[in-house]
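Pasting model-v7.cif here (mmCIF, C-alpha atoms and all ligand atoms):
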data_work
#
loop_
_atom_site.label_atom_id
_atom_site.label_comp_id
_atom_site.auth_asym_id
_atom_site.auth_seq_id
_atom_site.Cartn_x
_atom_site.Cartn_y
_atom_site.Cartn_z
CA MET A 1156 -45.98 53.76 -54.25
CA PRO A 1157 -49.40 52.12 -54.22
CA GLY A 1158 -51.25 51.35 -57.43
CA LEU A 1159 -49.63 51.51 -60.83
CA THR A 1160 -45.90 51.89 -60.84
CA ILE A 1161 -43.01 51.87 -63.29
CA GLY A 1162 -43.06 48.84 -65.58
CA ASP A 1163 -46.71 47.95 -64.92
CA ASP A 1164 -49.10 47.48 -67.82
CA LEU A 1165 -51.84 50.09 -67.98
CA PRO A 1166 -55.06 48.05 -67.58
CA ASN A 1167 -57.16 48.25 -70.74
CA LEU A 1168 -60.24 49.53 -68.92
CA GLU A 1169 -63.28 50.93 -70.68
CA VAL A 1170 -63.80 54.48 -69.40
CA GLU A 1171 -66.44 57.14 -69.75
CA THR A 1172 -65.00 60.56 -70.55
CA THR A 1173 -65.97 64.05 -71.64
CA HIS A 1174 -65.19 62.81 -75.19
CA GLY A 1175 -67.34 59.68 -74.91
CA LYS A 1176 -66.54 56.06 -74.01
CA MET A 1177 -63.13 54.67 -74.85
CA LYS A 1178 -60.74 51.84 -74.03
CA LEU A 1179 -57.56 53.11 -72.43
CA HIS A 1180 -55.26 51.28 -74.86
CA ASP A 1181 -57.11 52.71 -77.86
CA TYR A 1182 -56.58 56.19 -76.47
CA VAL A 1183 -52.86 55.61 -75.90
CA GLY A 1184 -52.44 54.15 -79.41
CA ASP A 1185 -48.80 54.57 -80.48
CA SER A 1186 -48.25 57.68 -78.34
CA TYR A 1187 -47.01 58.55 -74.92
CA THR A 1188 -49.99 59.42 -72.70
CA ILE A 1189 -50.18 61.33 -69.43
CA LEU A 1190 -52.96 59.95 -67.22
CA PHE A 1191 -53.48 62.36 -64.34
CA SER A 1192 -56.07 62.31 -61.59
CA HIS A 1193 -57.38 65.23 -59.56
CA PRO A 1194 -59.30 65.17 -56.25
CA GLY A 1195 -62.42 66.92 -57.50
CA ASP A 1196 -64.09 69.34 -59.90
CA PHE A 1197 -64.76 72.91 -58.76
CA THR A 1198 -61.79 72.96 -56.39
CA PRO A 1199 -59.07 75.62 -56.49
CA VAL A 1200 -55.77 73.78 -57.01
CA CYS A 1201 -57.35 71.40 -59.55
CA THR A 1202 -58.68 74.35 -61.54
CA THR A 1203 -55.16 75.79 -61.82
CA GLU A 1204 -53.66 72.40 -62.71
CA LEU A 1205 -56.13 71.47 -65.44
CA GLY A 1206 -55.90 75.03 -66.79
CA ILE A 1207 -52.13 74.76 -67.16
CA MET A 1208 -52.49 71.37 -68.83
CA ALA A 1209 -54.85 73.08 -71.31
CA ALA A 1210 -52.30 75.86 -71.87
CA TYR A 1211 -49.49 73.32 -72.37
CA ALA A 1212 -51.51 70.97 -74.61
CA SER A 1213 -49.68 72.14 -77.75
CA LYS A 1214 -46.29 71.51 -76.08
CA PHE A 1215 -47.37 67.96 -75.30
CA THR A 1216 -48.75 67.48 -78.83
CA GLU A 1217 -45.39 68.61 -80.28
CA ARG A 1218 -43.82 65.78 -78.30
CA GLY A 1219 -46.43 63.26 -79.47
CA VAL A 1220 -47.97 63.07 -75.99
CA ARG A 1221 -51.70 62.71 -75.28
CA LEU A 1222 -53.38 63.97 -72.10
CA LEU A 1223 -56.10 62.21 -70.14
CA GLY A 1224 -57.57 63.68 -66.94
CA PHE A 1225 -59.43 61.64 -64.33
CA SER A 1226 -61.62 62.17 -61.28
CA CYS A 1227 -64.68 60.70 -59.56
CA ASP A 1228 -67.02 63.46 -60.73
CA ASP A 1229 -69.49 62.71 -63.50
CA VAL A 1230 -69.29 63.87 -67.11
CA GLN A 1231 -71.89 66.61 -66.60
CA SER A 1232 -69.87 68.03 -63.72
CA HIS A 1233 -66.65 67.93 -65.77
CA LYS A 1234 -68.36 69.76 -68.63
CA GLU A 1235 -69.69 72.49 -66.32
CA TRP A 1236 -66.33 72.86 -64.59
CA ILE A 1237 -64.43 73.05 -67.89
CA LYS A 1238 -66.25 76.37 -68.54
CA ASP A 1239 -64.68 77.76 -65.35
CA ILE A 1240 -61.23 76.41 -66.21
CA GLU A 1241 -61.35 77.96 -69.68
CA ALA A 1242 -62.64 81.30 -68.38
CA TYR A 1243 -59.98 81.42 -65.67
CA ASN A 1244 -57.07 80.28 -67.78
CA GLY A 1245 -58.03 81.41 -71.29
CA HIS A 1246 -57.20 78.09 -72.95
CA LYS A 1247 -59.61 75.47 -74.30
CA VAL A 1248 -59.55 72.13 -72.50
CA THR A 1249 -59.11 69.90 -75.55
CA TYR A 1250 -58.14 66.70 -73.73
CA PRO A 1251 -60.70 64.22 -72.34
CA ILE A 1252 -61.36 63.81 -68.62
CA ILE A 1253 -62.45 60.41 -67.30
CA ALA A 1254 -65.57 60.35 -65.11
CA ASP A 1255 -65.70 57.70 -62.40
CA PRO A 1256 -68.70 58.59 -60.23
CA LYS A 1257 -69.11 54.98 -59.06
CA ARG A 1258 -65.48 55.00 -57.90
CA GLU A 1259 -64.72 51.69 -59.56
CA LEU A 1260 -61.70 52.78 -61.59
CA ILE A 1261 -60.11 54.78 -58.82
CA LYS A 1262 -60.05 51.63 -56.68
CA GLN A 1263 -58.76 49.43 -59.50
CA LEU A 1264 -56.00 51.91 -60.24
CA ASN A 1265 -55.41 52.48 -56.51
CA MET A 1266 -55.37 56.26 -56.91
CA VAL A 1267 -57.22 57.13 -53.67
CA ASP A 1268 -55.91 59.84 -51.33
CA PRO A 1269 -56.47 58.29 -47.88
CA ASP A 1270 -56.47 61.69 -46.16
CA GLU A 1271 -59.02 63.55 -48.31
CA THR A 1272 -62.79 63.19 -48.48
CA ASP A 1273 -65.40 65.16 -50.39
CA SER A 1274 -68.45 66.88 -48.87
CA THR A 1275 -70.30 63.52 -48.74
CA GLY A 1276 -67.45 61.89 -46.82
CA GLN A 1277 -66.22 59.78 -49.76
CA LYS A 1278 -62.51 59.43 -50.38
CA VAL A 1279 -61.23 61.36 -53.40
CA PRO A 1280 -58.39 60.66 -55.88
CA SER A 1281 -54.86 61.75 -55.07
CA ARG A 1282 -52.94 63.82 -57.60
CA ALA A 1283 -51.46 60.78 -59.33
CA LEU A 1284 -49.79 61.22 -62.70
CA HIS A 1285 -48.60 58.34 -64.83
CA ILE A 1286 -46.70 58.66 -68.09
CA VAL A 1287 -47.64 55.68 -70.23
CA GLY A 1288 -45.43 54.64 -73.15
CA PRO A 1289 -46.59 53.53 -76.59
CA ASP A 1290 -46.12 49.97 -75.28
CA LYS A 1291 -48.89 50.73 -72.70
CA LYS A 1292 -46.45 50.40 -69.81
CA ILE A 1293 -45.98 52.93 -67.03
CA LYS A 1294 -42.71 54.79 -67.63
CA LEU A 1295 -42.87 57.30 -64.77
CA SER A 1296 -45.24 58.17 -61.92
CA PHE A 1297 -45.77 61.09 -59.57
CA LEU A 1298 -47.99 60.86 -56.51
CA TYR A 1299 -48.97 64.07 -54.72
CA PRO A 1300 -51.53 64.69 -51.99
CA ALA A 1301 -54.56 66.88 -52.66
CA SER A 1302 -52.90 69.81 -50.88
CA THR A 1303 -49.95 70.07 -53.29
CA GLY A 1304 -50.42 71.19 -56.89
CA ARG A 1305 -48.08 69.60 -59.40
CA ASN A 1306 -45.41 71.40 -61.43
CA MET A 1307 -46.37 70.88 -65.06
CA ASP A 1308 -43.01 72.29 -66.23
CA GLU A 1309 -41.49 69.30 -64.45
CA VAL A 1310 -43.92 67.02 -66.31
CA LEU A 1311 -42.72 68.46 -69.63
CA ARG A 1312 -39.11 68.09 -68.51
CA VAL A 1313 -39.52 64.42 -67.60
CA VAL A 1314 -41.28 63.72 -70.91
CA ASP A 1315 -38.21 65.17 -72.66
CA SER A 1316 -35.96 63.03 -70.48
CA LEU A 1317 -37.95 59.83 -71.10
CA GLN A 1318 -38.05 60.39 -74.84
CA LYS A 1319 -34.33 61.16 -75.02
CA ALA A 1320 -33.46 58.07 -72.99
CA ALA A 1321 -35.73 55.93 -75.18
CA LYS A 1322 -34.00 57.18 -78.35
CA HIS A 1323 -30.33 57.08 -77.27
CA LYS A 1324 -28.63 54.94 -74.63
CA VAL A 1325 -28.37 57.89 -72.27
CA ALA A 1326 -29.81 59.16 -69.00
CA THR A 1327 -30.41 62.73 -67.85
CA PRO A 1328 -28.49 63.94 -64.78
CA VAL A 1329 -29.70 66.02 -61.86
CA ASN A 1330 -31.55 69.23 -62.78
CA TRP A 1331 -31.12 68.39 -66.47
CA LYS A 1332 -33.04 70.50 -68.94
CA PRO A 1333 -33.30 70.15 -72.72
CA GLY A 1334 -30.04 71.25 -74.35
CA ASP A 1335 -27.87 70.26 -71.37
CA PRO A 1336 -25.36 67.39 -71.66
CA VAL A 1337 -26.63 63.91 -70.88
CA VAL A 1338 -24.78 60.94 -69.38
CA ILE A 1339 -24.05 57.72 -71.22
CA SER A 1340 -25.79 54.70 -69.70
CA PRO A 1341 -23.62 52.41 -67.56
CA SER A 1342 -24.60 49.47 -69.80
CA VAL A 1343 -22.67 51.05 -72.71
CA SER A 1344 -18.96 50.12 -72.82
CA ASN A 1345 -16.38 52.73 -73.88
CA GLU A 1346 -15.91 50.84 -77.15
CA GLN A 1347 -19.65 50.98 -77.84
CA ALA A 1348 -19.76 54.63 -76.76
CA ASN A 1349 -17.09 55.51 -79.33
CA GLU A 1350 -19.31 54.08 -82.04
CA MET A 1351 -22.63 55.32 -80.70
CA PHE A 1352 -21.50 58.86 -79.95
CA PRO A 1353 -19.17 59.91 -82.80
CA GLN A 1354 -19.47 63.49 -81.52
CA GLY A 1355 -17.38 62.29 -78.56
CA TYR A 1356 -17.86 62.33 -74.81
CA ASP A 1357 -16.09 63.66 -71.72
CA THR A 1358 -15.26 61.33 -68.85
CA ALA A 1359 -15.10 62.84 -65.35
CA ASN A 1360 -11.79 62.32 -63.58
CA LEU A 1361 -12.83 60.65 -60.30
CA PRO A 1362 -10.77 59.50 -57.27
CA SER A 1363 -11.95 55.93 -57.85
CA GLY A 1364 -10.34 55.94 -61.27
CA LYS A 1365 -13.59 54.48 -62.63
CA ASP A 1366 -14.92 55.89 -65.86
CA TYR A 1367 -18.66 55.66 -65.31
CA LEU A 1368 -19.48 59.37 -65.44
CA ARG A 1369 -19.43 60.15 -69.15
CA PHE A 1370 -21.12 63.26 -70.57
CA THR A 1371 -22.16 63.78 -74.16
CA ASN A 1372 -24.58 65.87 -76.20
CA VAL A 1373 -27.41 64.29 -78.16
C1 LIG B 1 -57.93 71.75 -54.48
O1 LIG B 1 -57.95 71.41 -55.66
O2 LIG B 1 -57.72 72.91 -54.18
C2 LIG B 1 -58.16 70.75 -53.39
C3 LIG B 1 -58.96 69.65 -53.61
C4 LIG B 1 -59.18 68.74 -52.58
C5 LIG B 1 -58.57 68.95 -51.35
C6 LIG B 1 -57.74 70.03 -51.16
C7 LIG B 1 -57.52 70.95 -52.18
#

Encoding of this model in structure tokens:
Amino acid sequence: MPGLTIGDDLPNLEVETTHGKMKLHDYVGDSYTILFSHPGDFTPVCTTELGIMAAYASKFTERGVRLLGFSCDDVQSHKEWIKDIEAYNGHKVTYPIIADPKRELIKQLNMVDPDETDSTGQKVPSRALHIVGPDKKIKLSFLYPASTGRNMDEVLRVVDSLQKAAKHKVATPVNWKPGDPVVISPSVSNEQANEMFPQGYDTANLPSGKDYLRFTNV
């Protein structure tokens, strides 16, 4: 995946946003932050995406997660477009959106969609989405083309997974959703697991006889 990827430091760039100028690290602070780019203002899929992010803002806040949008339109355009988003979706857009009309940040962050241009022939951002941890490192990234809107329920789900894995030495299995059993990380021995998970765990009985597939509830 080009650009930022898991484990990278989020560059501490100064950005202009609908909420004024800020340094990216100041915005992240001690929180998880979702930095998500969209190809352009006043476009259909982007309007639905940013509207759902507005509707879900309280779910992200409950999880201690901040939102930060990003495109190459200017602040005035974002502010005009936000009126459409709010009218269409019925939720206030309370999160800031970065404006990068000179296309400097998009290049630095390598978030360009090579197959999409705007009406002036300039390349536009892809639908990149990075979840940044309180340590300012990228924990998870999605990269979608302009033609495919993201699934923000999946974004919530992966936030829950990341936060659970950060708190306990566990990982979340396929199609996991909050409340489902999790698996104990391979780095945890059975002796450690007995101490760390006093509620117990179930080990799958596999032909290999190996005991690496251990489910528990946390
Ligand atoms: C959209 O948001 O609908 C869109 C934007 C750029 C290219 C294609 C679709």

Which of A:Pro1289, A:Gly1162, A:Gly1184, A:Pro1269 sits closest to ligand LIG 1 (chain B) [using all atoms listed in the file]: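 Answer, going by the shortest atom-to-atom distance: A:Pro1269.
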
Would you name the residues within 6 Å of ligand LIG 1 (chain B), counting all atoms listed in the file, and put them as an mmCIF file with C-alpha atoms, in the frame of the given file?
data_model
loop_
_atom_site.group_PDB
_atom_site.id
_atom_site.type_symbol
_atom_site.label_atom_id
_atom_site.label_comp_id
_atom_site.auth_asym_id
_atom_site.auth_seq_id
_atom_site.Cartn_x
_atom_site.Cartn_y
_atom_site.Cartn_z
ATOM 1 C CA PRO A 1194 -59.300 65.170 -56.250
ATOM 2 C CA GLY A 1195 -62.420 66.920 -57.500
ATOM 3 C CA THR A 1198 -61.790 72.960 -56.390
ATOM 4 C CA PRO A 1199 -59.070 75.620 -56.490
ATOM 5 C CA VAL A 1200 -55.770 73.780 -57.010
ATOM 6 C CA CYS A 1201 -57.350 71.400 -59.550
ATOM 7 C CA ALA A 1301 -54.560 66.880 -52.660
ATOM 8 C CA SER A 1302 -52.900 69.810 -50.880
#

Long-range neighbours of Leu1311 in chain A as a PyMOL selection string, 10 Å cut-off, only C-alpha atoms, 2 positions minimum in chain: chain A and resi 1211+1214-1215+1218+1220+1306-1309+1313-1317+1332

Residue among A:Val1373, A:Glu1346, A:Thr1203, A:Ala1321 lying closest to Gly1334 in chain A, counting all atoms listed in the file: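 Answer, going by the shortest atom-to-atom distance: A:Val1373.
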
Identify the residues around (-47.2, 61.8, -55.9) within a radius of 7 Å, measuring from all atoms listed in the file in the coordinates stated by the file, and give them as an mmCIF file with C-alpha atoms, in the frame of the given file.
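Wrote it out as out36.cif, contents follow:
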data_model
loop_
_atom_site.group_PDB
_atom_site.id
_atom_site.type_symbol
_atom_site.label_atom_id
_atom_site.label_comp_id
_atom_site.auth_asym_id
_atom_site.auth_seq_id
_atom_site.Cartn_x
_atom_site.Cartn_y
_atom_site.Cartn_z
ATOM 1 C CA ARG A 1282 -52.940 63.820 -57.600
ATOM 2 C CA ALA A 1283 -51.460 60.780 -59.330
ATOM 3 C CA PHE A 1297 -45.770 61.090 -59.570
ATOM 4 C CA LEU A 1298 -47.990 60.860 -56.510
ATOM 5 C CA TYR A 1299 -48.970 64.070 -54.720
ATOM 6 C CA PRO A 1300 -51.530 64.690 -51.990
#

Atom pair CA of Val1279 in chain A / CA of Cys1227 in chain A: separation (Å):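 Distance between the two atoms: 7.1 Å.
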
Nearest to Val1329 in chain A, chosen from A:Ser1344, A:Asp1290, A:Arg1312, A:Lys1247, with only C-alpha atoms counted in the distances: A:Arg1312

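One finds CA of Thr1172 in chain A at 15.2 Å from CA of Thr1188 in chain A.
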
Atom-to-atom span, CA of Gly1219 in chain A and CA of His1180 in chain A, Å: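 Spanning CA of Gly1219 in chain A to CA of His1180 in chain A is a straight-line distance of 15.6 Å.
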
Ref. answer, residues at most 8 Å from (-24.7, 64.5, -65.4) with all atoms listed in the file, as JSON, numbers by chain: {"A": [1327, 1328, 1329, 1331, 1336, 1337, 1338, 1368, 1369, 1370]}

Specify the axis-aligned box that encloses all atoms of range 1251-1258 of chain A listed in the file after padding of 4 Å on each side, stating its centre and edge lengths in Å to one decimal as JSON.
{"center_x": -64.9, "center_y": 59.6, "center_z": -65.1, "size_x": 16.4, "size_y": 17.2, "size_z": 22.4}

Pick from A:Glu1204, A:Pro1251, A:Asn1244, A:Gln1263, whichever lies nearest to Thr1303 in chain A using all atoms listed in the file: A:Glu1204

Distance query Asp1228 in chain A at most 10 Å, all atoms listed in the file, self and fewer than 6 positions along chain excluded, as a count of residues only: 13

Nearest-residue call for Asp1185 in chain A, choices A:Leu1295, A:Leu1205, A:Met1351, A:Val1287, using only C-alpha atoms: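 Result for the nearest residue to Asp1185 in chain A: A:Val1287.
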
Nearest candidate to Leu1159 in chain A (options A:Leu1190, A:Leu1222, A:Ala1359, A:Ala1212; using only C-alpha atoms):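 Among the listed residues, the smallest separation from Leu1159 in chain A belongs to A:Leu1190.
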
Could you rebuild range 1301-1315 of chain A with N, CA, C and O atoms and give it back as a short mmCIF file (atom, residue, chain, number, x, y, z; two decimals), keeping the file's coordinate frame?
data_model
loop_
_atom_site.label_atom_id
_atom_site.label_comp_id
_atom_site.auth_asym_id
_atom_site.auth_seq_id
_atom_site.Cartn_x
_atom_site.Cartn_y
_atom_site.Cartn_z
N ALA A 1301 -53.64 65.86 -52.15
CA ALA A 1301 -54.56 66.88 -52.66
C ALA A 1301 -54.05 68.30 -52.38
O ALA A 1301 -54.29 69.22 -53.16
N SER A 1302 -53.31 68.46 -51.30
CA SER A 1302 -52.90 69.81 -50.88
C SER A 1302 -51.76 70.40 -51.71
O SER A 1302 -51.45 71.58 -51.57
N THR A 1303 -51.14 69.59 -52.57
CA THR A 1303 -49.95 70.07 -53.29
C THR A 1303 -50.18 70.00 -54.80
O THR A 1303 -50.26 68.91 -55.37
N GLY A 1304 -50.27 71.16 -55.43
CA GLY A 1304 -50.42 71.19 -56.89
C GLY A 1304 -49.13 70.76 -57.56
O GLY A 1304 -48.03 71.02 -57.04
N ARG A 1305 -49.27 70.10 -58.70
CA ARG A 1305 -48.08 69.60 -59.40
C ARG A 1305 -47.40 70.70 -60.21
O ARG A 1305 -47.98 71.74 -60.47
N ASN A 1306 -46.15 70.46 -60.60
CA ASN A 1306 -45.41 71.40 -61.43
C ASN A 1306 -45.40 70.85 -62.86
O ASN A 1306 -44.68 69.90 -63.17
N MET A 1307 -46.22 71.44 -63.72
CA MET A 1307 -46.37 70.88 -65.06
C MET A 1307 -45.14 71.16 -65.93
O MET A 1307 -44.94 70.48 -66.94
N ASP A 1308 -44.30 72.13 -65.54
CA ASP A 1308 -43.01 72.29 -66.23
C ASP A 1308 -42.13 71.05 -65.98
O ASP A 1308 -41.39 70.62 -66.85
N GLU A 1309 -42.24 70.52 -64.76
CA GLU A 1309 -41.49 69.30 -64.45
C GLU A 1309 -42.03 68.12 -65.27
O GLU A 1309 -41.25 67.25 -65.71
N VAL A 1310 -43.35 68.11 -65.50
CA VAL A 1310 -43.92 67.02 -66.31
C VAL A 1310 -43.37 67.09 -67.74
O VAL A 1310 -42.96 66.07 -68.32
N LEU A 1311 -43.29 68.30 -68.29
CA LEU A 1311 -42.72 68.46 -69.63
C LEU A 1311 -41.25 68.02 -69.64
O LEU A 1311 -40.80 67.35 -70.57
N ARG A 1312 -40.54 68.42 -68.60
CA ARG A 1312 -39.11 68.09 -68.51
C ARG A 1312 -38.90 66.57 -68.48
O ARG A 1312 -38.02 66.04 -69.17
N VAL A 1313 -39.73 65.86 -67.69
CA VAL A 1313 -39.52 64.42 -67.60
C VAL A 1313 -39.95 63.71 -68.89
O VAL A 1313 -39.38 62.68 -69.25
N VAL A 1314 -40.93 64.28 -69.59
CA VAL A 1314 -41.28 63.72 -70.91
C VAL A 1314 -40.06 63.83 -71.83
O VAL A 1314 -39.68 62.86 -72.52
N ASP A 1315 -39.40 64.99 -71.81
CA ASP A 1315 -38.21 65.17 -72.66
C ASP A 1315 -37.11 64.18 -72.26
O ASP A 1315 -36.43 63.62 -73.12
#
